[in-house]
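Following: one structure in structure tokens, then a few remarks.
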Amino acid sequence: MTKGKLIFTRDNEYYTPKYVVDAFGKFDYDPATVPEKAAEFGIPNFDTEETDGLKRDWTQFKRIWINPPFTRKHEFIAKAWETYQQAKNEIYVLVPIEFLTTLRFQDATGGGTVFLPRGRIQFESGLGKTASGVSFGTVIVKMSDTYGLELITFKKENKNGTLRGI
């Protein structure tokens, strides 16, 4: 399917690279992942599309990482905020940057620290390829009682094993 010059394929899944998750430390739960990525990130508790993390109680987990399916980002943000209000746990959600400007996002949360990457995150394609980039920017929002903004430079290993900023 095409729209203008954009070509849409069946590859709707773009996975967070490890260097992004590593920048925020270790997590004990991811409600929207695949077993391979949970293993790569060292996340012991997770849900997949089949087990539907939106049905699970998240309050039992201390640190939660979420790269939600963007078609369901509203549901995951609402659940993250509700969970944060109950448990005050650390919840990080990756979302398209333009989502922050919507009333739907602002009505669903009461605060959050926005981590604004220097450059765009290079996602990994669900088809096993490295994506050259997505057509939109993304940010990571950490649920909190107040609003804040932090710029972040991710460190990624080059082919020779040295770290560089992206």
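A note on labels: chains of the structure tokens are A, B, ... as shown, every chain counts residues from 1, and ligands are counted from 1 in their shown order.
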- Task: Return as a PyMOL selection string the full set of residues in range 10-166 of chain A whose backbone-based DSSP assignment is helix (DSSP H, G or I).
- Result: chain A and resi 18-22+35-41+53-55+70-87+97-101+103-108
Just write the chosen residues, C-alpha atoms, as an mmCIF file, in the first residue's frame.
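Result saved to selection_18.cif:
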data_model
loop_
_atom_site.group_PDB
_atom_site.id
_atom_site.type_symbol
_atom_site.label_atom_id
_atom_site.label_comp_id
_atom_site.auth_asym_id
_atom_site.auth_seq_id
_atom_site.Cartn_x
_atom_site.Cartn_y
_atom_site.Cartn_z
ATOM 1 C CA LYS A 18 19.365 -2.234 23.306
ATOM 2 C CA TYR A 19 21.465 0.930 23.715
ATOM 3 C CA VAL A 20 18.289 2.968 24.301
ATOM 4 C CA VAL A 21 16.933 0.706 27.028
ATOM 5 C CA ASP A 22 20.404 0.369 28.593
ATOM 6 C CA PRO A 35 10.452 -12.943 24.085
ATOM 7 C CA GLU A 36 13.632 -12.258 22.096
ATOM 8 C CA LYS A 37 13.761 -8.565 23.054
ATOM 9 C CA ALA A 38 12.910 -9.285 26.717
ATOM 10 C CA ALA A 39 15.847 -11.721 26.807
ATOM 11 C CA GLU A 40 18.157 -9.229 25.060
ATOM 12 C CA PHE A 41 17.269 -6.487 27.555
ATOM 13 C CA GLY A 53 -0.011 -6.707 29.012
ATOM 14 C CA LEU A 54 -2.922 -4.285 29.347
ATOM 15 C CA LYS A 55 -4.814 -7.023 31.228
ATOM 16 C CA PHE A 70 1.820 2.906 18.364
ATOM 17 C CA THR A 71 -1.723 2.046 17.273
ATOM 18 C CA ARG A 72 -2.467 1.355 20.976
ATOM 19 C CA LYS A 73 -0.243 3.990 22.589
ATOM 20 C CA HIS A 74 -3.237 5.749 24.177
ATOM 21 C CA GLU A 75 -4.209 2.623 26.094
ATOM 22 C CA PHE A 76 -0.653 2.012 27.299
ATOM 23 C CA ILE A 77 -0.175 5.638 28.396
ATOM 24 C CA ALA A 78 -3.460 5.572 30.313
ATOM 25 C CA LYS A 79 -2.520 2.291 32.026
ATOM 26 C CA ALA A 80 0.998 3.600 32.785
ATOM 27 C CA TRP A 81 -0.399 6.737 34.412
ATOM 28 C CA GLU A 82 -2.998 4.814 36.392
ATOM 29 C CA THR A 83 -0.312 2.394 37.592
ATOM 30 C CA TYR A 84 2.072 5.203 38.497
ATOM 31 C CA GLN A 85 -0.666 6.918 40.532
ATOM 32 C CA GLN A 86 -1.227 3.705 42.509
ATOM 33 C CA ALA A 87 2.335 2.432 43.004
ATOM 34 C CA ILE A 97 7.056 13.165 19.792
ATOM 35 C CA GLU A 98 3.947 14.658 18.208
ATOM 36 C CA PHE A 99 1.799 12.591 20.600
ATOM 37 C CA LEU A 100 2.912 14.928 23.412
ATOM 38 C CA THR A 101 1.043 17.814 21.799
ATOM 39 C CA LEU A 103 -5.071 16.693 24.291
ATOM 40 C CA ARG A 104 -5.529 12.934 24.518
ATOM 41 C CA PHE A 105 -1.989 12.533 25.901
ATOM 42 C CA GLN A 106 -2.228 15.586 28.159
ATOM 43 C CA ASP A 107 -5.602 14.478 29.548
ATOM 44 C CA ALA A 108 -4.281 10.953 30.205
#
Hey, could you make a per-residue contact list for range 4-95 of chain A against range 132-152 of chain A with 7 Å as the cut-off, showing the nearest pair of atoms and its distance in Å to one decimal, counting only C-alpha atoms, sorted by chain and number, as a Markdown table?
| residue | atom | partner | partner_atom | distance |
| --- | --- | --- | --- | --- |
| A:Trp81 | CA | A:Met143 | CA | 6.7 |
| A:Tyr84 | CA | A:Met143 | CA | 6.7 |
| A:Glu90 | CA | A:Met143 | CA | 6.9 |
| A:Ile91 | CA | A:Lys142 | CA | 5.6 |
| A:Tyr92 | CA | A:Lys142 | CA | 4.4 |
| A:Val93 | CA | A:Val141 | CA | 5.2 |
| A:Leu94 | CA | A:Ile140 | CA | 4.3 |
| A:Val95 | CA | A:Thr138 | CA | 5.5 |
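Distances from A:Trp65, A:Phe154, A:Phe123, A:Phe115 to Tyr29 in chain A were compared using only C-alpha atoms, and the smallest one belongs to A:Trp65.
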Using the chain letters and numbers from this document, which residues of range 5-61 of chain A does DSSP assign to strand (DSSP E or B), as a ChimeraX atom specification?
/A:6-7,14-15,29-30,45-46
Output N, CA and C atoms of each residue in that selection to a file, as a PDB file, in the first residue's frame.
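Just written: result_17.pdb:
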ATOM      1  N   LEU A   6       5.211   7.486   0.525  1.00  0.00           N
ATOM      2  CA  LEU A   6       5.466   6.493   1.556  1.00  0.00           C
ATOM      3  C   LEU A   6       4.951   5.134   1.114  1.00  0.00           C
ATOM      4  N   ILE A   7       5.697   4.099   1.424  1.00  0.00           N
ATOM      5  CA  ILE A   7       5.274   2.740   1.114  1.00  0.00           C
ATOM      6  C   ILE A   7       5.088   1.998   2.430  1.00  0.00           C
ATOM      7  N   TYR A  14       8.517  -2.155  15.090  1.00  0.00           N
ATOM      8  CA  TYR A  14       9.850  -1.593  15.188  1.00  0.00           C
ATOM      9  C   TYR A  14      10.275  -1.678  16.638  1.00  0.00           C
ATOM     10  N   TYR A  15      11.367  -2.381  16.867  1.00  0.00           N
ATOM     11  CA  TYR A  15      11.818  -2.669  18.215  1.00  0.00           C
ATOM     12  C   TYR A  15      12.885  -1.683  18.656  1.00  0.00           C
ATOM     13  N   TYR A  29       9.931  -5.354  34.066  1.00  0.00           N
ATOM     14  CA  TYR A  29       8.707  -5.709  33.334  1.00  0.00           C
ATOM     15  C   TYR A  29       8.589  -4.885  32.060  1.00  0.00           C
ATOM     16  N   ASP A  30       8.077  -5.543  31.016  1.00  0.00           N
ATOM     17  CA  ASP A  30       7.737  -4.889  29.751  1.00  0.00           C
ATOM     18  C   ASP A  30       6.401  -5.486  29.297  1.00  0.00           C
ATOM     19  N   ASN A  45      10.206 -10.261  33.388  1.00  0.00           N
ATOM     20  CA  ASN A  45       8.745 -10.351  33.306  1.00  0.00           C
ATOM     21  C   ASN A  45       8.275  -9.540  32.114  1.00  0.00           C
ATOM     22  N   PHE A  46       7.444 -10.142  31.290  1.00  0.00           N
ATOM     23  CA  PHE A  46       6.994  -9.442  30.091  1.00  0.00           C
ATOM     24  C   PHE A  46       5.688 -10.050  29.589  1.00  0.00           C
TER      25      PHE A  46
END
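Interatomic distance, CA of Thr102 in chain A to CA of Asn67 in chain A: 18.4 Å.
CA of Thr16 in chain A lies 11.7 Å from CA of Arg120 in chain A.
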